[in-house]
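Data block for run_9.cif (mmCIF, C-alpha atoms and all ligand atoms):
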data_target
loop_
_atom_site.label_atom_id
_atom_site.label_comp_id
_atom_site.auth_asym_id
_atom_site.auth_seq_id
_atom_site.Cartn_x
_atom_site.Cartn_y
_atom_site.Cartn_z
CA MET A 5 -1.26 4.25 20.15
CA VAL A 6 0.63 7.30 21.34
CA GLU A 7 -0.99 10.26 19.66
CA VAL A 8 -4.08 11.12 17.61
CA VAL A 9 -4.16 14.35 15.60
CA ASP A 10 -7.23 15.80 13.85
CA GLU A 11 -6.01 16.67 10.34
CA THR A 12 -9.34 17.93 8.94
CA ASP A 13 -13.02 17.68 9.93
CA ASP A 14 -13.06 14.05 8.71
CA ALA A 15 -9.49 12.75 8.89
CA VAL A 16 -7.16 11.82 11.76
CA SER A 17 -3.53 10.80 11.97
CA ILE A 18 -2.80 7.99 14.40
CA ALA A 19 0.75 7.49 15.70
CA LEU A 20 1.58 3.93 16.75
CA ALA A 21 4.54 3.07 18.95
CA VAL A 22 5.99 -0.35 18.14
CA PRO A 23 7.11 -2.51 21.11
CA ASP A 24 10.93 -2.63 21.30
CA HIS A 25 11.20 -6.32 20.45
CA LEU A 26 9.26 -5.80 17.19
CA VAL A 27 11.03 -2.68 15.92
CA SER A 28 13.11 -4.50 13.28
CA ARG A 29 10.03 -6.32 11.90
CA PHE A 30 8.19 -3.00 11.50
CA ARG A 31 10.89 -1.28 9.40
CA TYR A 32 9.25 0.03 6.25
CA HIS A 33 9.78 1.81 2.97
CA PRO A 34 8.00 5.07 2.11
CA GLY A 35 4.69 4.29 0.37
CA GLN A 36 4.04 1.02 2.26
CA PHE A 37 0.94 0.31 4.34
CA LEU A 38 -0.17 -1.43 7.53
CA THR A 39 -3.04 -3.89 7.76
CA ILE A 40 -5.01 -3.19 10.94
CA LYS A 41 -7.47 -5.45 12.71
CA ILE A 42 -10.44 -3.27 13.62
CA PRO A 43 -12.38 -4.46 16.68
CA THR A 44 -15.80 -5.78 15.65
CA ASP A 45 -18.42 -8.42 16.45
CA ARG A 46 -18.95 -8.98 12.72
CA PRO A 47 -18.37 -12.55 11.59
CA GLY A 48 -15.14 -12.65 9.55
CA GLY A 49 -13.69 -9.63 11.38
CA ALA A 50 -12.77 -6.30 9.81
CA ALA A 51 -9.23 -5.84 8.54
CA ARG A 52 -8.27 -2.72 6.63
CA CYS A 53 -5.08 -1.40 5.01
CA TYR A 54 -3.83 2.11 5.83
CA SER A 55 -0.79 3.66 4.17
CA LEU A 56 1.92 5.10 6.37
CA SER A 57 2.09 8.89 6.19
CA SER A 58 5.27 9.04 8.29
CA SER A 59 8.79 8.83 6.88
CA PRO A 60 11.09 5.98 7.94
CA HIS A 61 13.98 8.40 7.42
CA PHE A 62 13.33 10.62 10.43
CA GLU A 63 10.12 9.69 12.28
CA ASN A 64 10.21 7.02 15.01
CA ASP A 65 6.49 6.33 15.34
CA LEU A 66 4.49 4.68 12.59
CA ILE A 67 1.74 7.11 11.55
CA VAL A 68 -1.36 6.25 9.52
CA THR A 69 -3.88 8.82 8.37
CA VAL A 70 -7.50 7.75 8.09
CA LYS A 71 -10.29 9.65 6.35
CA ARG A 72 -13.93 8.82 7.12
CA THR A 73 -15.67 6.91 4.31
CA PRO A 74 -19.39 7.78 4.45
CA GLY A 75 -21.25 4.66 5.66
CA GLY A 76 -17.93 2.81 6.13
CA TYR A 77 -17.20 0.72 9.24
CA ALA A 78 -13.47 0.79 9.93
CA SER A 79 -12.60 4.37 9.01
CA ASN A 80 -15.40 5.71 11.21
CA TRP A 81 -14.47 3.33 14.03
CA LEU A 82 -10.89 4.60 13.97
CA CYS A 83 -11.88 8.27 13.71
CA ASP A 84 -14.34 7.84 16.63
CA ASN A 85 -12.30 5.56 18.91
CA ALA A 86 -8.59 6.21 18.32
CA ARG A 87 -7.03 7.67 21.48
CA PRO A 88 -3.64 7.48 23.19
CA GLY A 89 -3.28 4.22 25.12
CA LEU A 90 -5.44 2.13 22.77
CA SER A 91 -3.72 -1.02 21.41
CA LEU A 92 -4.34 -2.36 17.93
CA THR A 93 -3.32 -5.60 16.23
CA VAL A 94 -1.33 -4.70 13.14
CA MET A 95 0.50 -6.69 10.47
CA THR A 96 4.04 -5.83 9.50
CA PRO A 97 4.33 -3.19 6.73
CA SER A 98 3.91 -4.31 3.14
CA GLY A 99 3.24 -3.12 -0.39
CA ASN A 100 5.32 -2.26 -3.42
CA PHE A 101 4.11 1.32 -4.01
CA THR A 102 7.56 2.48 -3.11
CA PRO A 103 10.27 4.13 -5.23
CA LYS A 104 13.31 1.98 -6.00
CA SER A 105 15.45 5.10 -5.61
CA LEU A 106 14.93 8.40 -3.78
CA ASP A 107 17.38 10.12 -6.12
CA GLY A 108 15.35 9.98 -9.36
CA ASP A 109 12.81 12.77 -9.96
CA LEU A 110 9.31 12.00 -8.71
CA LEU A 111 5.88 13.10 -9.90
CA LEU A 112 3.27 12.51 -7.19
CA VAL A 113 -0.39 12.81 -8.17
CA GLY A 114 -3.01 12.40 -5.47
CA ALA A 115 -6.48 13.30 -4.27
CA GLY A 116 -8.09 13.28 -0.81
CA SER A 117 -6.75 10.55 1.48
CA GLY A 118 -4.53 9.39 -1.41
CA ILE A 119 -1.99 11.90 -0.07
CA THR A 120 -1.00 9.47 2.69
CA PRO A 121 1.60 7.31 0.90
CA LEU A 122 2.60 10.27 -1.29
CA ILE A 123 3.62 12.51 1.63
CA SER A 124 5.71 9.66 3.04
CA ILE A 125 7.47 9.31 -0.33
CA ALA A 126 7.92 13.10 -0.64
CA LYS A 127 9.35 13.58 2.87
CA SER A 128 11.64 10.59 2.46
CA ALA A 129 12.96 11.74 -0.93
CA LEU A 130 13.59 15.28 0.34
CA VAL A 131 15.36 14.15 3.52
CA GLY A 132 16.92 10.87 2.42
CA GLY A 133 17.57 11.42 -1.31
CA THR A 134 18.36 14.02 -3.93
CA ALA A 135 15.16 13.82 -6.01
CA THR A 136 13.19 16.79 -7.24
CA VAL A 137 9.56 16.21 -6.25
CA TYR A 138 6.44 17.64 -7.91
CA LEU A 139 3.10 17.00 -6.17
CA LEU A 140 -0.28 17.65 -7.73
CA TYR A 141 -2.90 17.33 -4.99
CA ALA A 142 -6.66 17.56 -5.59
CA ASN A 143 -9.25 18.23 -2.88
CA ARG A 144 -12.78 19.53 -2.50
CA ASP A 145 -11.47 22.80 -1.05
CA ARG A 146 -8.70 24.18 1.16
CA ARG A 147 -10.50 23.18 4.39
CA SER A 148 -10.67 19.49 3.42
CA THR A 149 -6.98 19.34 2.48
CA ILE A 150 -5.05 16.89 4.65
CA PHE A 151 -1.47 18.02 5.52
CA GLY A 152 -2.01 21.53 4.02
CA THR A 153 0.27 23.16 6.61
CA GLU A 154 2.90 20.41 6.57
CA LEU A 155 3.16 20.57 2.76
CA HIS A 156 3.52 24.35 2.90
CA ASP A 157 6.34 23.96 5.45
CA MET A 158 8.07 21.38 3.26
CA VAL A 159 8.00 23.75 0.28
CA THR A 160 9.51 26.46 2.48
CA GLU A 161 12.27 24.13 3.63
CA PHE A 162 13.06 22.69 0.16
CA PRO A 163 12.13 25.52 -2.25
CA THR A 164 14.26 24.27 -5.14
CA ARG A 165 13.37 20.58 -4.85
CA PHE A 166 9.68 20.48 -3.86
CA THR A 167 6.69 22.01 -5.60
CA VAL A 168 3.03 21.54 -4.70
CA GLU A 169 0.19 22.38 -7.05
CA HIS A 170 -3.20 22.30 -5.32
CA TRP A 171 -6.33 21.61 -7.34
CA PHE A 172 -9.48 22.73 -5.50
CA GLU A 173 -12.74 21.44 -6.93
CA SER A 174 -14.45 24.46 -5.37
CA ASP A 175 -12.46 26.70 -7.77
CA GLN A 176 -11.52 24.49 -10.74
CA GLY A 177 -14.24 21.82 -10.81
CA LEU A 178 -13.51 18.08 -10.84
CA PRO A 179 -10.08 17.21 -12.25
CA THR A 180 -10.28 16.15 -15.90
CA ALA A 181 -7.67 14.37 -18.02
CA GLU A 182 -7.24 17.48 -20.19
CA GLY A 183 -6.85 19.78 -17.17
CA LEU A 184 -4.35 17.44 -15.52
CA MET A 185 -2.38 17.14 -18.76
CA ARG A 186 -1.87 20.91 -18.76
CA SER A 187 -0.48 20.72 -15.21
CA LEU A 188 1.72 17.68 -15.79
CA GLU A 189 3.07 18.12 -19.31
CA LEU A 190 6.58 19.10 -18.15
CA PHE A 191 7.06 15.87 -16.21
CA SER A 192 7.08 13.13 -18.83
CA ALA A 193 10.58 12.03 -17.79
CA TYR A 194 9.66 11.59 -14.10
CA ASP A 195 8.56 8.43 -12.27
CA ALA A 196 4.89 8.90 -11.39
CA TYR A 197 3.07 7.70 -8.25
CA LEU A 198 -0.74 7.96 -8.22
CA CYS A 199 -3.19 7.51 -5.37
CA GLY A 200 -6.78 8.69 -4.97
CA PRO A 201 -10.42 7.83 -5.67
CA ALA A 202 -11.08 5.68 -8.77
CA PRO A 203 -12.46 8.42 -11.09
CA PHE A 204 -9.50 10.69 -10.24
CA MET A 205 -7.03 7.88 -10.95
CA GLU A 206 -8.65 7.24 -14.30
CA ALA A 207 -8.32 10.92 -15.27
CA ALA A 208 -4.73 11.04 -13.98
CA ARG A 209 -3.72 7.85 -15.82
CA SER A 210 -5.05 9.11 -19.09
CA ALA A 211 -3.35 12.48 -18.52
CA LEU A 212 -0.01 10.71 -17.95
CA HIS A 213 -0.60 8.62 -21.05
CA GLY A 214 -1.40 11.83 -22.92
CA ILE A 215 1.89 13.50 -21.96
CA GLY A 216 3.78 10.39 -23.13
CA LEU A 217 4.89 8.97 -19.78
CA PRO A 218 5.59 5.25 -20.37
CA ASP A 219 3.31 2.85 -18.43
CA ALA A 220 6.36 1.24 -16.82
CA HIS A 221 7.01 4.58 -15.06
CA VAL A 222 3.47 4.90 -13.66
CA HIS A 223 2.88 3.34 -10.23
CA VAL A 224 -0.61 3.13 -8.80
CA GLU A 225 -1.96 2.46 -5.29
CA ARG A 226 -5.64 1.48 -5.26
CA TYR A 227 -7.58 1.88 -2.03
CA ARG A 228 -10.23 -0.72 -1.27
CA SER A 229 -11.52 -2.61 1.73
CA LEU A 230 -10.48 -6.20 2.36
CA SER A 231 -13.41 -8.61 2.35
CA GLY A 232 -11.73 -11.53 4.14
CA ASP A 233 -9.87 -11.80 7.42
CA PRO A 234 -6.11 -12.07 6.81
CA PHE A 235 -5.59 -12.36 10.61
CA ALA A 236 -7.46 -15.69 10.77
CA ASP A 237 -5.39 -18.85 11.38
CA VAL A 238 -4.82 -21.10 8.40
CA ILE A 239 -5.72 -24.72 9.00
CA ILE A 240 -5.41 -27.26 6.21
CA PRO A 241 -7.50 -30.41 6.83
CA SER A 242 -5.09 -33.29 7.48
CA ASP A 243 -7.41 -35.76 5.71
CA THR A 244 -7.16 -33.97 2.33
CA SER A 245 -6.98 -36.55 -0.42
CA ALA A 246 -5.56 -34.11 -2.95
CA GLU A 247 -2.52 -35.26 -4.88
CA THR A 248 0.67 -33.40 -3.94
CA VAL A 249 3.61 -32.11 -5.97
CA SER A 250 7.10 -31.53 -4.61
CA ALA A 251 8.05 -27.93 -3.97
CA THR A 252 11.32 -26.27 -3.01
CA VAL A 253 10.82 -22.85 -1.45
CA GLU A 254 13.54 -20.34 -0.64
CA LEU A 255 12.36 -18.15 2.23
CA ALA A 256 14.45 -15.84 4.41
CA GLY A 257 17.69 -17.65 3.53
CA ARG A 258 16.22 -21.13 4.16
CA ARG A 259 15.57 -23.84 1.62
CA ILE A 260 12.32 -25.65 2.45
CA GLU A 261 11.18 -28.93 0.87
CA LEU A 262 7.39 -29.38 0.86
CA ASP A 263 4.63 -31.66 -0.36
CA TRP A 264 2.26 -29.14 -1.93
CA PRO A 265 -1.38 -30.31 -2.35
CA ARG A 266 -2.70 -29.44 -5.79
CA ASP A 267 -5.84 -27.84 -4.32
CA THR A 268 -4.08 -25.64 -1.73
CA LYS A 269 -2.55 -22.20 -2.15
CA LEU A 270 1.17 -21.95 -1.46
CA LEU A 271 0.82 -19.30 1.25
CA ASP A 272 -1.69 -21.47 3.13
CA VAL A 273 0.69 -24.44 3.00
CA LEU A 274 3.56 -22.34 4.36
CA LEU A 275 1.53 -20.63 7.12
CA SER A 276 -0.11 -23.86 8.23
CA LYS A 277 3.38 -25.34 8.73
CA GLY A 278 4.47 -22.32 10.78
CA TYR A 279 6.74 -20.67 8.18
CA ASP A 280 6.88 -16.88 8.37
CA ALA A 281 6.00 -16.14 4.73
CA PRO A 282 5.14 -12.53 3.86
CA PHE A 283 1.49 -11.61 3.23
CA SER A 284 -1.07 -8.96 3.89
CA CYS A 285 -4.44 -9.21 2.15
CA ARG A 286 -4.49 -12.94 1.22
CA GLU A 287 -6.87 -11.88 -1.53
CA GLY A 288 -4.56 -11.37 -4.52
CA GLU A 289 -4.74 -7.60 -4.21
CA CYS A 290 -1.61 -6.26 -2.53
CA SER A 291 1.41 -8.27 -3.82
CA ALA A 292 2.97 -8.54 -0.34
CA CYS A 293 3.28 -12.30 -1.00
CA ALA A 294 4.91 -11.95 -4.45
CA CYS A 295 7.59 -14.56 -5.16
CA THR A 296 9.45 -15.87 -8.20
CA VAL A 297 8.83 -19.20 -9.91
CA ARG A 298 12.37 -20.43 -10.63
CA SER A 299 11.27 -23.67 -12.29
CA GLY A 300 8.03 -25.54 -12.91
CA GLU A 301 4.58 -24.03 -13.36
CA VAL A 302 1.90 -22.62 -11.07
CA SER A 303 -1.44 -21.00 -11.77
CA MET A 304 -3.00 -18.05 -9.96
CA LEU A 305 -6.65 -18.28 -8.92
CA LYS A 306 -6.88 -14.47 -8.77
CA ASN A 307 -4.52 -11.60 -9.54
CA ASP A 308 -5.54 -7.98 -9.12
CA THR A 309 -2.07 -6.59 -8.61
CA LEU A 310 0.74 -8.10 -10.73
CA VAL A 311 1.05 -6.52 -14.17
CA ASP A 312 2.38 -8.08 -17.39
CA ALA A 313 5.91 -6.82 -16.67
CA ASP A 314 5.86 -8.66 -13.29
CA LEU A 315 4.49 -11.86 -14.83
CA SER A 316 7.18 -11.84 -17.50
CA LEU A 317 9.78 -11.87 -14.69
CA GLY A 318 8.19 -15.06 -13.34
CA LEU A 319 6.47 -13.41 -10.38
CA THR A 320 3.44 -15.05 -8.81
CA LEU A 321 1.25 -14.44 -5.74
CA ALA A 322 1.81 -17.11 -3.08
CA CYS A 323 -1.65 -16.44 -1.62
CA GLN A 324 -3.29 -17.36 -4.94
CA SER A 325 -0.91 -19.94 -6.44
CA VAL A 326 -1.65 -23.62 -6.85
CA PRO A 327 0.79 -26.00 -8.56
CA VAL A 328 0.45 -27.18 -12.15
CA SER A 329 3.68 -29.12 -12.78
CA GLU A 330 4.93 -32.16 -10.82
CA SER A 331 7.68 -30.15 -9.15
CA VAL A 332 8.12 -26.44 -8.56
CA GLU A 333 10.93 -24.23 -7.29
CA ILE A 334 9.96 -20.87 -5.80
CA ALA A 335 11.91 -18.06 -4.14
CA PHE A 336 10.64 -15.25 -1.92
CA ASP A 337 13.17 -12.78 -3.29
CA GLN A 338 11.09 -9.58 -3.63
C1 LIG A 401 -3.09 -0.37 0.18
C2 LIG A 401 -4.20 0.47 0.76
C3 LIG A 401 -3.89 1.62 1.44
C4 LIG A 401 -4.91 2.42 1.99
N1 LIG A 401 -4.57 3.56 2.63
C5 LIG A 401 -5.53 4.35 3.15
C6 LIG A 401 -5.18 5.56 3.84
O1 LIG A 401 -4.00 5.89 3.98
N2 LIG A 401 -6.17 6.32 4.35
C7 LIG A 401 -7.49 5.96 4.22
O2 LIG A 401 -8.36 6.71 4.73
N3 LIG A 401 -7.86 4.82 3.56
C8 LIG A 401 -6.91 4.00 3.05
N4 LIG A 401 -7.25 2.83 2.40
C9 LIG A 401 -8.67 2.45 2.34
C10 LIG A 401 -9.08 1.69 3.61
O3 LIG A 401 -8.41 0.43 3.66
C11 LIG A 401 -10.59 1.38 3.67
O4 LIG A 401 -10.97 0.78 2.45
C12 LIG A 401 -11.41 2.64 3.88
O5 LIG A 401 -11.05 3.27 5.12
C13 LIG A 401 -12.92 2.32 3.93
O6 LIG A 401 -13.12 1.34 4.91
P1 LIG A 401 -14.43 1.33 5.82
O7 LIG A 401 -14.40 0.09 6.64
O8 LIG A 401 -14.62 2.64 6.52
O9 LIG A 401 -15.57 1.24 4.75
P2 LIG A 401 -16.37 -0.10 4.36
O10 LIG A 401 -17.18 -0.56 5.52
O11 LIG A 401 -15.44 -1.06 3.74
O12 LIG A 401 -17.36 0.49 3.29
C14 LIG A 401 -16.85 1.05 2.07
C15 LIG A 401 -18.04 1.61 1.27
O13 LIG A 401 -18.92 0.54 0.92
C16 LIG A 401 -20.22 0.83 1.41
N5 LIG A 401 -20.78 -0.44 1.91
C17 LIG A 401 -20.36 -1.15 2.99
N6 LIG A 401 -21.08 -2.28 3.12
C18 LIG A 401 -21.97 -2.27 2.10
C19 LIG A 401 -23.02 -3.15 1.68
N7 LIG A 401 -23.25 -4.29 2.34
N8 LIG A 401 -23.74 -2.83 0.61
C20 LIG A 401 -23.49 -1.70 -0.09
N9 LIG A 401 -22.53 -0.81 0.26
C21 LIG A 401 -21.79 -1.10 1.33
C22 LIG A 401 -20.05 1.85 2.52
O14 LIG A 401 -21.18 2.68 2.66
C23 LIG A 401 -18.88 2.63 2.04
O15 LIG A 401 -19.26 3.65 1.16
C24 LIG A 401 -6.26 2.03 1.85
C25 LIG A 401 -6.56 0.84 1.18
C26 LIG A 401 -5.56 0.06 0.64
C27 LIG A 401 -5.89 -1.22 -0.06
S1 LIG A 402 -1.15 -11.36 0.38
FE1 LIG A 402 -1.93 -9.71 -0.83
S2 LIG A 402 -1.68 -10.47 -2.86
FE2 LIG A 402 -1.10 -12.12 -1.62
#

As structure tokens, please, write out the structure in this file.
Ligand SMILES: Cc1cc2nc3c(=O)[nH]c(=O)nc-3n(C[C@H](O)[C@H](O)[C@H](O)COP(=O)(O)OP(=O)(O)OC[C@H]3O[C@@H](n4cnc5c(N)ncnc54)[C@H](O)[C@@H]3O)c2cc1C
Ligand code: FES
Amino acid sequence: MVEVVDETDDAVSIALAVPDHLVSRFRYHPGQFLTIKIPTDRPGGAARCYSLSSSPHFENDLIVTVKRTPGGYASNWLCDNARPGLSLTVMTPSGNFTPKSLDGDLLLVGAGSGITPLISIAKSALVGGTATVYLLYANRDRRSTIFGTELHDMVTEFPTRFTVEHWFESDQGLPTAEGLMRSLELFSAYDAYLCGPAPFMEAARSALHGIGLPDAHVHVERYRSLSGDPFADVIIPSDTSAETVSATVELAGRRIELDWPRDTKLLDVLLSKGYDAPFSCREGECSACACTVRSGEVSMLKNDTLVDADLSLGLTLACQSVPVSESVEIAFDQ
């Protein structure tokens, strides 16, 4: 950890320097997040995801911005204990809340700490693309607004490409779908990225629906705490009597042949054999482990992230997939 900056009374930005030999593994896209192991004596550990607020286009350090959750463990631990010199265990960046292109026009709609991935997307599009970016940003009041000064400076630097509309609850009340529709009605041809507390997201989604923005153009990042420990080692009992199917897995340019036990999730099989398969939450919530079923059939025990459009492309979550057919062919091609 190289620097800690107080952003507001209850939010800090933490800059992490990546050791030289890991730099290539920590390359990221704007909108992605890090999973951080928070020191704790709690059984099961405490792992939490934090979106990167830095831009991979011009910032060397990886910066996360953490807002205190009242009564929460990890956010308060980080706000109280983060200081230069502290080391943290962190997974490589993941997540698919990231624009395919930085040249198409972007509508960013956020509230509170939801600004974190949005400012990374905005900075990256302004510096690394040609997009016009419109940000609607809701907060309690001006004082609680994270990145208020930085956003103002960005508008000054890119006056024709970047617009910020602040919504202060202290002046306008809580954002409603009708109110948001009035602010967003000109942007029905943009690609929308939404991040904020659940009630805000609900209002924003129905506002976007109301202005006629197709669902396929609405991208959502949902904040929540992980309940399990994705840092824990995966050990599959060697005496399992479960029947196996044959699997062919394409991973990082390699073709791997496996016996896949019917009762074991694909990601667990791969990790237990030492393969470097991508993952973050291991709980079916982030899609870092998404892969394509090329042939055969699998079933997912849980899926809180892939939408119908993803499923129709044959995507599945390796951390939740067990085999159904006698043989399966899968590719990590996302
Ligand atoms: C992809 C992603 C990106 C994220 N990015 C960011 C970001 O950029 N910035 C950010 O600040 N956050 C971000 N988050 C949220 C973050 O991961 C944490 O969820 C958040 O910091 C709260 O964690 P916590 O440990 O402080 O709270 P927790 O300890 O998980 O508690 C959360 C809430 O539950 C309550 N609670 C806890 N235990 C119990 C219990 N036993 N019974 C009843 N209530 C209980 C707490 O009082 C609190 O209100 C992101 C999440 C995801 C998934
Ligand atoms: S690792 Fe998060 S959904 Fe599989």

- Which residue out of A:Arg286, A:Arg147, A:Arg186, A:Lys104 has the minimum interatomic distance to ligand LIG 401 (chain A) when only C-alpha atoms and all ligand atoms are used?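 So, comparing all the options, the nearest one is A:Arg286.
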
- Message: Taking all atoms listed in the file into account, name the residue in A:Thr39, A:Thr149, A:Ser316, A:Ser79 that is nearest to ligand LIG 402 (chain A).
- Response: A:Thr39

- Message: Quick one: residues within 12 Å of A:Asn100, all atoms listed in the file, excluding same-chain residues fewer than 2 positions away - as a list in words?
- Response: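 The residues that qualify are Tyr32, His33, Pro34, Gly35, Gln36, Phe37, Ser55, Pro97, Ser98, Thr102, Pro103, Lys104, Pro121, Tyr197, His223, Val224, Glu225, Arg226, Ser284, Glu289, Cys290, Ser291, Ala292, Cys293, Ala294, Thr309, Leu310, Asp314 and Gln338 of chain A.
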
- Message: Report as a list in words all protein, DNA and RNA residues lying within 10 Å of stretch 84-89 of chain A, evaluated on all atoms listed in the file, omitting residues in the same chain fewer than 3 positions from it.
- Response: Met5, Val6, Glu7, Val8, Val9, Val16, Ser17, Ile18, Ala19, Leu20, Arg72, Ala78, Ser79, Asn80, Trp81 and Leu92 of chain A

- Item | Residues near A:Ala322, cut-off 7 Å, all atoms listed in the file, skip fewer than 3 positions along chain, as a ChimeraX atom specification | /A:269-271,293-295,325

For stretch 242-258 of chain A, write C-alpha atoms out as a short mmCIF file (atom, residue, chain, number, x, y, z; two decimals), in the first residue's frame.
data_model
loop_
_atom_site.label_atom_id
_atom_site.label_comp_id
_atom_site.auth_asym_id
_atom_site.auth_seq_id
_atom_site.Cartn_x
_atom_site.Cartn_y
_atom_site.Cartn_z
CA SER A 242 -9.40 -38.54 -3.26
CA ASP A 243 -11.77 -41.29 -2.06
CA THR A 244 -14.84 -39.73 -3.75
CA SER A 245 -16.96 -42.49 -5.23
CA ALA A 246 -18.80 -40.15 -7.58
CA GLU A 247 -19.05 -41.25 -11.19
CA THR A 248 -16.96 -39.11 -13.56
CA VAL A 249 -17.57 -37.79 -17.07
CA SER A 250 -14.86 -36.88 -19.55
CA ALA A 251 -14.20 -33.19 -20.02
CA THR A 252 -12.05 -31.25 -22.45
CA VAL A 253 -11.22 -27.76 -21.22
CA GLU A 254 -9.51 -25.02 -23.21
CA LEU A 255 -7.70 -22.72 -20.81
CA ALA A 256 -5.04 -20.12 -21.63
CA GLY A 257 -4.21 -21.77 -24.96
CA ARG A 258 -3.97 -25.28 -23.46
#
